[in-house]
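Visitor: See input.tsv below, with TSV, C-alpha atoms.
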```tsv
chain	number	residue	atom	x	y	z
Y	13	MET	CA	62.47	89.16	115.78
Y	14	PHE	CA	64.77	91.06	113.46
Y	15	LYS	CA	65.50	94.74	113.36
Y	16	ALA	CA	66.19	96.32	109.96
Y	17	GLN	CA	69.33	98.46	109.96
Y	18	GLY	CA	70.69	100.95	107.47
Y	19	ALA	CA	73.60	100.29	105.12
Y	20	ALA	CA	75.41	102.53	102.66
Y	21	ARG	CA	77.56	101.52	99.70
Y	22	LEU	CA	80.75	103.45	99.05
Y	23	SER	CA	81.48	105.20	95.78
Y	24	ALA	CA	81.93	103.27	92.52
Y	25	PRO	CA	85.74	102.87	92.67
Y	26	ASP	CA	85.29	101.14	96.00
Y	27	ILE	CA	82.92	98.44	94.78
Y	28	GLY	CA	83.24	95.45	97.03
Y	29	GLN	CA	83.50	97.60	100.12
Y	30	LEU	CA	80.69	98.39	102.44
Y	31	VAL	CA	80.43	100.52	105.55
Y	32	TYR	CA	77.52	99.81	107.85
Y	33	ARG	CA	76.33	100.04	111.40
Y	34	SER	CA	76.47	96.71	113.15
Y	35	PRO	CA	74.02	96.42	116.05
Y	36	GLY	CA	75.34	92.95	116.85
Y	37	LEU	CA	78.83	94.28	117.26
Y	38	GLN	CA	77.47	97.13	119.35
Y	39	LEU	CA	76.29	94.55	121.89
Y	40	ILE	CA	79.76	93.07	121.94
Y	41	PHE	CA	81.32	96.47	122.59
Y	42	GLU	CA	78.96	97.15	125.46
Y	43	ARG	CA	80.31	93.99	127.02
Y	44	ILE	CA	83.94	94.92	126.34
Y	45	SER	CA	83.39	98.39	127.77
Y	46	SER	CA	82.14	97.02	131.08
Y	47	GLY	CA	85.57	97.55	132.63
Y	48	ASP	CA	86.46	93.97	133.47
Y	49	LYS	CA	89.30	92.46	131.48
Y	50	VAL	CA	87.86	90.35	128.68
Y	51	ASN	CA	89.41	87.54	126.70
Y	52	ILE	CA	88.54	87.96	123.01
Y	53	LEU	CA	88.88	85.36	120.27
Y	54	ASP	CA	88.96	86.90	116.80
Y	55	LEU	CA	88.66	84.20	114.14
Y	56	GLY	CA	89.48	86.72	111.42
Y	57	PRO	CA	92.87	87.70	110.02
Y	58	PRO	CA	95.29	90.07	111.79
Y	59	LEU	CA	94.25	93.62	110.88
Y	60	SER	CA	96.04	96.75	112.03
Y	61	SER	CA	92.79	98.66	112.46
Y	62	ASN	CA	91.21	96.02	114.68
Y	63	VAL	CA	94.29	95.64	116.85
Y	64	GLU	CA	94.43	99.39	117.23
Y	65	PHE	CA	90.77	99.51	118.12
Y	66	PHE	CA	91.00	96.86	120.83
Y	67	SER	CA	94.15	98.41	122.25
Y	68	SER	CA	92.05	101.05	123.95
Y	69	TYR	CA	90.20	98.39	125.95
Y	70	HIS	CA	91.32	96.27	128.86
Y	71	CYS	CA	91.45	92.96	127.08
Y	72	ARG	CA	93.47	90.11	125.71
Y	73	LEU	CA	93.00	89.59	121.99
Y	74	TYR	CA	93.64	86.17	120.51
Y	75	ILE	CA	93.88	86.30	116.71
Y	76	ALA	CA	93.22	82.89	115.18
Y	77	ASP	CA	93.16	83.79	111.47
Y	78	LEU	CA	90.89	80.81	110.90
Y	79	LEU	CA	89.30	82.26	107.77
Y	80	GLN	CA	92.69	82.07	106.11
Y	81	SER	CA	92.75	78.32	106.73
Y	82	LEU	CA	89.24	77.62	105.48
Y	83	PRO	CA	90.22	76.17	102.09
Y	84	LEU	CA	92.01	73.47	104.08
Y	85	VAL	CA	88.91	72.58	106.04
Y	86	ASP	CA	86.85	71.25	103.17
Y	87	THR	CA	89.88	69.58	101.62
Y	88	TYR	CA	90.68	67.77	104.83
Y	89	TRP	CA	87.15	66.60	105.39
Y	90	ALA	CA	86.65	65.61	101.79
Y	91	GLU	CA	89.70	63.39	102.07
Y	92	SER	CA	89.02	62.12	105.56
Y	93	PRO	CA	85.53	62.87	106.87
Y	94	ALA	CA	86.31	61.19	110.17
Y	95	PHE	CA	89.30	63.42	110.80
Y	96	SER	CA	88.22	65.18	113.94
Y	97	PRO	CA	91.28	67.00	115.31
Y	98	MET	CA	90.96	69.67	112.63
Y	99	PHE	CA	89.83	72.56	114.80
Y	100	PRO	CA	92.18	71.75	117.67
Y	101	GLU	CA	94.97	71.92	115.11
Y	102	LEU	CA	93.81	75.13	113.49
Y	103	LEU	CA	92.98	76.78	116.81
Y	104	ASP	CA	95.83	75.53	118.90
Y	105	PHE	CA	95.27	77.50	122.08
Y	106	ASP	CA	95.62	75.93	125.51
Y	107	GLU	CA	93.04	73.39	126.61
Y	108	SER	CA	92.21	75.68	129.55
Y	109	GLU	CA	91.65	78.76	127.37
Y	110	GLN	CA	88.23	80.37	128.00
Y	111	PHE	CA	86.90	83.32	126.03
Y	112	ASP	CA	84.39	86.05	126.93
Y	113	ILE	CA	83.89	87.21	123.35
Y	114	ILE	CA	84.13	85.28	120.10
Y	115	LEU	CA	84.14	87.16	116.80
Y	116	GLY	CA	83.21	84.60	114.16
Y	117	TRP	CA	82.41	87.08	111.37
Y	118	ASP	CA	81.49	85.18	108.17
Y	119	ILE	CA	82.89	81.81	109.10
Y	120	VAL	CA	79.74	79.70	109.28
Y	121	ASN	CA	78.81	80.62	105.69
Y	122	TYR	CA	82.00	78.94	104.51
Y	123	LEU	CA	81.78	75.72	106.51
Y	124	SER	CA	79.87	72.59	105.61
Y	125	GLU	CA	77.10	71.66	108.02
Y	126	ASP	CA	79.22	68.88	109.47
Y	127	SER	CA	82.08	71.32	109.91
Y	128	ILE	CA	79.80	73.73	111.74
Y	129	ARG	CA	78.79	70.98	114.17
Y	130	ARG	CA	82.43	70.16	114.85
Y	131	PHE	CA	83.33	73.82	115.11
Y	132	SER	CA	80.49	74.40	117.58
Y	133	ARG	CA	81.49	71.44	119.75
Y	134	PHE	CA	85.11	72.58	119.82
Y	135	ILE	CA	84.50	76.26	120.42
Y	136	ALA	CA	81.89	75.61	123.13
Y	137	ARG	CA	84.63	74.02	125.25
Y	138	HIS	CA	86.48	77.35	125.18
Y	139	THR	CA	83.49	79.60	125.80
Y	140	LYS	CA	82.66	81.06	129.21
Y	141	ALA	CA	79.13	80.68	130.50
Y	142	ASP	CA	78.26	84.33	129.93
Y	143	ALA	CA	80.26	84.75	126.72
Y	144	LEU	CA	78.88	86.40	123.58
Y	145	CYS	CA	79.58	85.00	120.11
Y	146	PHE	CA	79.12	87.15	117.01
Y	147	PHE	CA	78.38	85.68	113.57
Y	148	SER	CA	77.20	87.25	110.34
Y	149	LEU	CA	74.94	85.13	108.11
Y	150	LEU	CA	74.46	85.88	104.43
Y	151	THR	CA	70.90	85.78	103.14
Y	152	HIS	CA	71.44	86.47	99.42
Y	153	LYS	CA	71.39	83.56	96.96
Y	154	GLU	CA	75.05	84.06	96.09
Y	155	MET	CA	78.09	85.04	98.08
Y	156	ALA	CA	81.74	85.73	97.32
Y	157	VAL	CA	84.00	82.69	97.13
Y	158	GLN	CA	86.25	84.15	99.82
Y	159	PRO	CA	85.07	85.48	103.17
Y	160	ALA	CA	84.97	89.24	103.63
Y	161	ILE	CA	87.47	91.13	105.74
Y	162	HIS	CA	85.82	93.10	108.53
Y	163	ARG	CA	87.54	96.20	109.83
Y	164	ILE	CA	86.19	97.85	112.94
Y	165	LEU	CA	85.90	101.58	112.30
Y	166	GLU	CA	84.44	102.54	115.63
Y	167	GLU	CA	82.08	101.02	118.15
Y	168	GLY	CA	79.27	99.41	116.20
Y	169	SER	CA	80.55	100.44	112.77
Y	170	LEU	CA	82.17	98.04	110.30
Y	171	HIS	CA	84.04	98.35	107.03
Y	172	CYS	CA	83.44	95.17	105.06
Y	173	GLU	CA	85.95	94.46	102.31
Y	174	GLN	CA	85.17	91.82	99.69
Y	175	HIS	CA	87.74	90.86	97.08
Y	176	ASP	CA	86.50	90.31	93.55
Y	177	CYS	CA	87.14	86.57	93.47
Y	178	GLY	CA	83.94	85.21	91.93
Y	179	SER	CA	80.78	84.01	93.58
Y	180	CYS	CA	79.20	80.77	94.71
Y	181	ALA	CA	75.88	79.65	96.16
Y	182	SER	CA	75.23	80.91	99.65
Y	183	PRO	CA	74.00	78.41	102.27
Y	184	ARG	CA	71.44	81.02	103.40
Y	185	PHE	CA	71.31	79.66	106.92
Y	186	THR	CA	68.31	80.69	108.95
Y	187	GLN	CA	68.70	81.31	112.64
Y	188	SER	CA	66.86	78.11	113.48
Y	189	ARG	CA	69.07	76.05	111.15
Y	190	LEU	CA	72.19	77.60	112.62
Y	191	LEU	CA	71.06	76.78	116.13
Y	192	GLU	CA	70.28	73.20	115.07
Y	193	LEU	CA	73.87	72.90	113.87
Y	194	MET	CA	75.34	74.79	116.82
Y	195	LYS	CA	73.30	73.05	119.47
Y	196	GLU	CA	75.72	74.04	122.25
Y	197	PHE	CA	74.58	77.66	121.74
Y	198	GLN	CA	71.36	79.62	121.99
Y	199	ALA	CA	70.24	82.88	120.43
Y	200	HIS	CA	70.85	86.01	122.47
Y	201	ARG	CA	69.95	88.68	119.88
Y	202	SER	CA	69.67	88.76	116.10
Y	203	PHE	CA	69.44	91.57	113.58
Y	204	LEU	CA	68.54	91.52	109.89
Y	205	LEU	CA	70.38	94.30	108.07
Y	206	GLN	CA	69.29	95.97	104.85
Y	207	ASN	CA	72.49	94.81	103.18
Y	208	GLY	CA	71.35	91.19	103.42
Y	209	ARG	CA	73.42	90.24	106.41
Y	210	GLN	CA	71.81	88.65	109.41
Y	211	GLU	CA	73.81	89.23	112.57
Y	212	GLN	CA	73.58	86.58	115.25
Y	213	VAL	CA	74.78	87.08	118.80
Y	214	LEU	CA	74.79	83.71	120.54
Y	215	ARG	CA	75.36	82.53	124.09
Y	216	ILE	CA	76.30	79.13	125.36
Y	217	ARG	CA	73.40	76.96	126.55
D	11	MET	CA	133.29	89.00	121.57
D	12	PHE	CA	131.17	86.05	122.63
D	13	GLY	CA	130.68	84.26	125.91
D	14	LYS	CA	131.28	80.60	125.09
D	15	PRO	CA	133.73	79.17	122.58
D	16	GLU	CA	131.36	76.43	121.35
D	17	THR	CA	129.00	78.99	119.92
D	18	GLU	CA	131.53	81.61	119.07
D	19	MET	CA	131.05	83.01	115.63
D	20	GLN	CA	133.41	84.50	113.13
D	21	GLU	CA	133.57	88.27	112.74
D	22	SER	CA	132.74	87.79	109.11
D	23	HIS	CA	129.42	86.17	110.04
D	24	VAL	CA	128.34	88.42	112.87
D	25	SER	CA	129.24	91.92	111.88
D	26	LYS	CA	128.76	95.32	113.36
D	27	VAL	CA	127.47	97.84	110.91
D	28	SER	CA	126.58	101.48	111.05
D	29	THR	CA	123.15	102.56	109.96
D	30	ALA	CA	122.63	105.15	107.24
D	31	SER	CA	122.90	107.97	109.73
D	32	GLY	CA	126.26	106.69	110.83
D	33	SER	CA	125.37	107.33	114.44
D	34	ARG	CA	124.10	103.86	115.36
D	35	GLU	CA	125.77	100.53	115.41
D	36	GLN	CA	124.13	97.17	115.28
D	37	ALA	CA	125.19	93.57	115.10
D	38	THR	CA	124.03	91.40	112.25
D	39	ILE	CA	123.62	87.64	112.20
D	40	GLY	CA	124.02	86.57	108.61
D	41	SER	CA	121.68	84.30	106.70
D	42	SER	CA	124.07	81.33	106.83
D	43	ILE	CA	124.28	81.37	110.63
D	44	ALA	CA	122.22	79.03	112.84
D	45	ILE	CA	122.41	79.40	116.60
D	46	LYS	CA	121.07	77.03	119.24
D	47	GLY	CA	121.13	78.45	122.73
D	48	ASP	CA	120.37	81.61	124.66
D	49	LEU	CA	121.41	84.90	123.14
D	50	VAL	CA	121.90	87.93	125.39
D	51	GLY	CA	123.10	91.31	124.19
D	52	GLU	CA	123.50	95.02	124.87
D	53	GLU	CA	123.36	96.33	121.36
D	54	ASP	CA	120.85	96.36	118.55
D	55	LEU	CA	120.67	93.20	116.52
D	56	VAL	CA	119.54	92.28	113.03
D	57	VAL	CA	118.90	88.59	112.39
D	58	HIS	CA	118.94	87.14	108.89
D	59	GLY	CA	119.82	83.62	110.06
D	60	ARG	CA	118.21	81.08	112.40
D	61	ILE	CA	118.07	81.17	116.20
D	62	GLU	CA	116.63	78.48	118.44
D	63	GLY	CA	116.59	79.16	122.17
D	64	THR	CA	115.92	82.56	123.76
D	65	VAL	CA	116.85	86.10	122.75
D	66	THR	CA	117.23	88.85	125.37
D	67	LEU	CA	118.21	92.41	124.42
D	68	LYS	CA	116.72	94.33	127.35
D	69	GLN	CA	117.70	97.85	126.36
D	70	ASN	CA	117.99	97.31	122.65
D	71	SER	CA	116.13	96.58	119.47
D	72	LEU	CA	115.83	93.44	117.43
D	73	LEU	CA	115.00	93.25	113.74
D	74	VAL	CA	114.16	89.85	112.34
D	75	GLY	CA	114.97	90.29	108.66
D	76	LYS	CA	112.95	88.77	105.83
D	77	ASP	CA	115.17	85.69	105.77
D	78	GLY	CA	115.41	85.46	109.54
D	79	HIS	CA	113.78	82.63	111.48
D	80	ILE	CA	113.68	82.67	115.26
D	81	LYS	CA	112.25	79.81	117.26
D	82	ALA	CA	112.48	81.35	120.70
D	83	ASP	CA	110.97	83.74	123.18
D	84	ILE	CA	112.28	87.23	122.47
D	85	ARG	CA	112.70	90.05	124.98
D	86	ALA	CA	113.81	93.44	123.70
D	87	ARG	CA	112.99	97.13	123.87
D	88	VAL	CA	111.64	97.19	120.32
D	89	ILE	CA	111.01	94.08	118.22
D	90	VAL	CA	110.41	94.35	114.48
D	91	VAL	CA	109.54	91.19	112.56
D	92	GLU	CA	109.92	90.99	108.81
D	93	GLY	CA	110.73	87.27	108.78
D	94	ARG	CA	109.44	84.37	110.83
D	95	VAL	CA	109.13	83.93	114.59
D	96	GLU	CA	107.77	80.99	116.56
D	97	GLY	CA	107.69	82.07	120.18
D	98	GLY	CA	106.60	84.83	122.50
D	99	LEU	CA	107.44	88.47	121.81
D	100	PHE	CA	107.97	90.63	124.91
D	101	GLY	CA	108.66	94.26	123.97
D	102	ASP	CA	109.39	96.85	126.65
D	103	GLU	CA	108.29	99.59	124.24
D	104	GLN	CA	106.89	98.20	121.04
D	105	VAL	CA	106.36	95.14	118.86
D	106	ILE	CA	105.85	95.56	115.13
D	107	ILE	CA	104.99	92.80	112.66
D	108	LYS	CA	105.59	93.98	109.11
D	109	LYS	CA	103.60	92.85	106.10
D	110	SER	CA	106.14	90.16	105.25
D	111	GLY	CA	106.33	88.96	108.85
D	112	SER	CA	104.97	85.71	110.22
D	113	VAL	CA	104.55	85.16	113.96
D	114	GLN	CA	103.11	82.26	115.89
D	115	GLY	CA	103.15	83.14	119.56
D	116	ASN	CA	101.91	85.61	122.11
D	117	ILE	CA	102.78	89.30	122.25
D	118	GLU	CA	103.18	91.50	125.32
D	119	ALA	CA	104.12	95.14	124.78
D	120	PRO	CA	102.75	98.61	125.55
D	121	ARG	CA	102.38	99.23	121.82
D	122	VAL	CA	101.67	96.62	119.18
D	123	ALA	CA	101.38	97.23	115.45
D	124	LEU	CA	100.46	94.59	112.91
D	125	GLU	CA	100.67	95.56	109.27
D	126	ASP	CA	97.83	94.29	107.10
D	127	GLY	CA	98.97	91.22	105.21
D	128	CYS	CA	101.18	89.89	107.98
D	129	LYS	CA	100.63	86.40	109.37
D	130	PHE	CA	99.93	86.24	113.06
D	131	LYS	CA	98.43	83.56	115.24
D	132	GLY	CA	98.43	84.16	118.96
D	133	SER	CA	97.32	86.55	121.64
D	134	ILE	CA	98.04	90.20	122.34
D	135	GLU	CA	97.82	91.53	125.87
D	136	MET	CA	96.15	94.91	125.80
D	137	GLY	CA	96.75	97.06	128.87
D	138	VAL	CA	94.38	99.90	129.73
D	139	ALA	CA	97.07	102.43	128.99
D	140	SER	CA	98.42	100.70	125.93
D	141	LYS	CA	97.98	102.16	122.47
D	142	SER	CA	98.87	100.63	119.14
D	143	ALA	CA	101.32	102.37	116.91
D	144	GLN	CA	100.51	103.31	113.36
D	145	PRO	CA	102.23	100.90	110.99
D	146	ALA	CA	103.06	103.79	108.65
D	147	ALA	CA	105.37	105.18	111.27
D	148	VAL	CA	107.42	102.02	111.28
D	149	SER	CA	110.72	101.80	109.55
D	150	ASN	CA	114.05	100.12	110.00
D	151	ALA	CA	115.18	103.29	111.68
D	152	ASN	CA	113.44	101.97	114.80
D	153	VAL	CA	116.21	99.46	115.12
D	154	GLY	CA	119.20	100.99	116.76
D	155	ASN	CA	119.15	103.31	119.71
D	156	GLY	CA	122.47	105.02	119.58
D	157	HIS	CA	124.11	102.74	122.12
D	158	LYS	CA	127.64	101.79	121.30
D	159	ALA	CA	128.01	98.24	120.16
D	160	GLU	CA	129.60	96.28	122.97
D	161	ALA	CA	128.83	92.61	122.84
D	162	VAL	CA	126.39	89.95	121.85
D	163	ALA	CA	126.77	87.09	124.29
D	164	ILE	CA	125.62	83.64	123.35
D	165	ARG	CA	125.12	81.26	126.24
D	166	LYS	CA	124.83	77.59	125.58
```
Turn the structure described in the file into structure tokens.

Guide:
Amino acid sequence: MFKAQGAARLSAPDIGQLVYRSPGLQLIFERISSGDKVNILDLGPPLSSNVEFFSSYHCRLYIADLLQSLPLVDTYWAESPAFSPMFPELLDFDESEQFDIILGWDIVNYLSEDSIRRFSRFIARHTKADALCFFSLLTHKEMAVQPAIHRILEEGSLHCEQHDCGSCASPRFTQSRLLELMKEFQAHRSFLLQNGRQEQVLRIR
Amino acid sequence: MFGKPETEMQESHVSKVSTASGSREQATIGSSIAIKGDLVGEEDLVVHGRIEGTVTLKQNSLLVGKDGHIKADIRARVIVVEGRVEGGLFGDEQVIIKKSGSVQGNIEAPRVALEDGCKFKGSIEMGVASKSAQPAAVSNANVGNGHKAEAVAIRK
């Protein structure tokens, strides 16, 4: 089911940075390059390189910067597990907003299982029937405390930047577990990379 | 200098200053000024205070300084944000959000540049012909276009 892909670490002074080919992202770009205007939701932070990259496509880019708000998520749910309007508050786009592409990057690794269910329910309401959703799962035992920053270098090539902020246990989600939690979605393609990342491209059911 | 007496401001608060080159003039809204209403102008503007309403500088540039806070839709030739904006940014040429800038709203402009480290939540319309600018090329010199300072009208 998975295809192994190459990965290359940068030189020693750049520890914490990784450049690799991303076959999952390549699928996304094929969709963006189709010519039709696409509505993209990027859950990552605003990055000059990514904005510049997308500017050469006919698209609308919505930057949600959700990863920045993640520390709040667990705090909120720890204090009030029944508090459901969390994602509508963090992602306050119009009720009618529908996306063709969703770039979720590392997000599911940093959400509790309950949070993933809520996230999936919320985001599915804003996902077009033929939309593609990109997530990167971590398969190593440990992961950095903070999510990585992903810069798009070119089509299908990513620069992953990880700050030295300590490590914690990784949830090590399998594809089947992820799909159990995100039951509104189904697997479209998945790729296991040599760097320990498992890229998931999902579609709505 | 201003359209309506109720929002008229003192010369000491809204001043016209020359840039370093001496060839450009721009109006400045000081950090103690708060404006509620629609602001229309035909000269470059630097905002260090607060504006709530709309801002329209069709042929000119707007710089929202680090202490500036605008809660309004902004239309201008070039918009540079170093402070905080809640509202849409419509740039005829370019919109730039600097590292210290914070924007919650949608952006429409032929060229959009976000510096890494800025805070931005909203959408960016990308046209086929549009191309982002390099943040490195951005400086305060973008604000000011050589037009003579004429007026900043504030409509209530």

Visitor: Check every residue of chain Y for an atom within 7 Å of chain D, counting all atoms listed in the file, and provide those that qualify as a list in words.

Guide: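 Result: Pro58, Leu59, Ser60, Glu64, Ser67, Ser68, Tyr69, His70, Cys71, Arg72, Leu73, Tyr74, Ile75, Ala76 and Asp77 of chain Y.
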
Visitor: Near stretch 53-61 of chain D, within 6 Å and counting all atoms listed in the file, which residues show up once chain neighbours fewer than 4 positions away are dropped, as a CSV table (one decimal) with C-alpha atoms, in the frame of the given file?

Guide:
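Result file part28.csv:
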```
chain,number,residue,atom,x,y,z
D,36,GLN,CA,124.1,97.2,115.3
D,37,ALA,CA,125.2,93.6,115.1
D,38,THR,CA,124.0,91.4,112.2
D,39,ILE,CA,123.6,87.6,112.2
D,40,GLY,CA,124.0,86.6,108.6
D,41,SER,CA,121.7,84.3,106.7
D,42,SER,CA,124.1,81.3,106.8
D,43,ILE,CA,124.3,81.4,110.6
D,44,ALA,CA,122.2,79.0,112.8
D,45,ILE,CA,122.4,79.4,116.6
D,46,LYS,CA,121.1,77.0,119.2
D,70,ASN,CA,118.0,97.3,122.6
D,71,SER,CA,116.1,96.6,119.5
D,72,LEU,CA,115.8,93.4,117.4
D,73,LEU,CA,115.0,93.2,113.7
D,74,VAL,CA,114.2,89.8,112.3
D,75,GLY,CA,115.0,90.3,108.7
D,77,ASP,CA,115.2,85.7,105.8
D,78,GLY,CA,115.4,85.5,109.5
D,79,HIS,CA,113.8,82.6,111.5
D,80,ILE,CA,113.7,82.7,115.3
D,154,GLY,CA,119.2,101.0,116.8
D,159,ALA,CA,128.0,98.2,120.2
```

Visitor: Within 7 Å of D:Ser110, counting all atoms listed in the file, which residues show up once you throw out same-chain ones fewer than 6 positions away? Write them as a PyMOL selection string, please.

Guide: chain D and resi 76+92-93+128

Visitor: Do you know which residues are at most 12 Å from Y:Met155 counting only C-alpha atoms, after dropping those on the same chain fewer than 2 positions away, and could you put them as a ChimeraX atom specification?

Guide: /Y:28,118,121-122,149-153,157-160,174-184,208-209

Visitor: Out of Y:Leu39, Y:Ile44, Y:Leu190, Y:Ser61, which residue has the shortest atom-to-atom distance to Y:Glu166 when counting all atoms listed in the file?

Guide: Y:Ser61

Visitor: Mind pulling up the distance from atom CA of Y:Gln210 to atom CA of Y:Ala136?

Guide: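 Going from atom CA of Y:Ala136 over to atom CA of Y:Gln210, I get 21.4 Å.
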
Visitor: Any idea what the distance is between atom CA of Y:Ala143 and atom CA of Y:Ile161?

Guide: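 Pair atom CA of Y:Ala143 / atom CA of Y:Ile161 returns 23.1 Å.
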
Visitor: Would you mind telling me which residue in Y:Met98, Y:Phe147, Y:Val120, Y:Ser169 lies nearest to Y:Ala199 when using all atoms listed in the file?

Guide: Y:Phe147

Visitor: Quick one, how far is atom CA of Y:Gln38 from atom CA of Y:Ala141?

Guide: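 Atom CA of Y:Gln38 sits 19.9 Å away from atom CA of Y:Ala141.
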
Visitor: Counting all atoms listed in the file, which of Y:Leu193, Y:Val63, Y:Ile114, Y:Leu30 gets nearest to Y:Asp142?

Guide: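 Checking each candidate against Y:Asp142, we get Y:Ile114 as the closest.
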
Visitor: Write out as a PyMOL selection string which residues come within 7 Å of D:Val65 when counting only C-alpha atoms, dropping same-chain ones fewer than 5 positions away.

Guide: chain D and resi 48-50+82-85

Visitor: Applying 12 Å and all atoms listed in the file, which residues near Y:Gln212 remain after dropping the ones on its own chain fewer than 3 positions away? List them as a PDB file with C-alpha atoms, in the frame of the given file.

Guide:
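Output file result-v1.pdb is given in full below:
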```pdb
ATOM      1  CA  MET Y  13      62.470  89.160 115.780  1.00  0.00           C
ATOM      2  CA  PHE Y  14      64.770  91.060 113.460  1.00  0.00           C
ATOM      3  CA  LYS Y  15      65.500  94.740 113.360  1.00  0.00           C
ATOM      4  CA  SER Y  34      76.470  96.710 113.150  1.00  0.00           C
ATOM      5  CA  PRO Y  35      74.020  96.420 116.050  1.00  0.00           C
ATOM      6  CA  GLY Y  36      75.340  92.950 116.850  1.00  0.00           C
ATOM      7  CA  LEU Y  37      78.830  94.280 117.260  1.00  0.00           C
ATOM      8  CA  GLN Y  38      77.470  97.130 119.350  1.00  0.00           C
ATOM      9  CA  LEU Y  39      76.290  94.550 121.890  1.00  0.00           C
ATOM     10  CA  ILE Y  40      79.760  93.070 121.940  1.00  0.00           C
ATOM     11  CA  ILE Y 114      84.130  85.280 120.100  1.00  0.00           C
ATOM     12  CA  LEU Y 115      84.140  87.160 116.800  1.00  0.00           C
ATOM     13  CA  GLY Y 116      83.210  84.600 114.160  1.00  0.00           C
ATOM     14  CA  TRP Y 117      82.410  87.080 111.370  1.00  0.00           C
ATOM     15  CA  ASP Y 118      81.490  85.180 108.170  1.00  0.00           C
ATOM     16  CA  VAL Y 120      79.740  79.700 109.280  1.00  0.00           C
ATOM     17  CA  LEU Y 144      78.880  86.400 123.580  1.00  0.00           C
ATOM     18  CA  CYS Y 145      79.580  85.000 120.110  1.00  0.00           C
ATOM     19  CA  PHE Y 146      79.120  87.150 117.010  1.00  0.00           C
ATOM     20  CA  PHE Y 147      78.380  85.680 113.570  1.00  0.00           C
ATOM     21  CA  SER Y 148      77.200  87.250 110.340  1.00  0.00           C
ATOM     22  CA  LEU Y 149      74.940  85.130 108.110  1.00  0.00           C
ATOM     23  CA  LEU Y 150      74.460  85.880 104.430  1.00  0.00           C
ATOM     24  CA  PHE Y 185      71.310  79.660 106.920  1.00  0.00           C
ATOM     25  CA  THR Y 186      68.310  80.690 108.950  1.00  0.00           C
ATOM     26  CA  GLN Y 187      68.700  81.310 112.640  1.00  0.00           C
ATOM     27  CA  SER Y 188      66.860  78.110 113.480  1.00  0.00           C
ATOM     28  CA  LEU Y 190      72.190  77.600 112.620  1.00  0.00           C
ATOM     29  CA  LEU Y 191      71.060  76.780 116.130  1.00  0.00           C
ATOM     30  CA  PHE Y 197      74.580  77.660 121.740  1.00  0.00           C
ATOM     31  CA  GLN Y 198      71.360  79.620 121.990  1.00  0.00           C
ATOM     32  CA  ALA Y 199      70.240  82.880 120.430  1.00  0.00           C
ATOM     33  CA  HIS Y 200      70.850  86.010 122.470  1.00  0.00           C
ATOM     34  CA  ARG Y 201      69.950  88.680 119.880  1.00  0.00           C
ATOM     35  CA  SER Y 202      69.670  88.760 116.100  1.00  0.00           C
ATOM     36  CA  PHE Y 203      69.440  91.570 113.580  1.00  0.00           C
ATOM     37  CA  LEU Y 204      68.540  91.520 109.890  1.00  0.00           C
ATOM     38  CA  LEU Y 205      70.380  94.300 108.070  1.00  0.00           C
ATOM     39  CA  ARG Y 209      73.420  90.240 106.410  1.00  0.00           C
ATOM     40  CA  ARG Y 215      75.360  82.530 124.090  1.00  0.00           C
TER      41      ARG Y 215
END
```
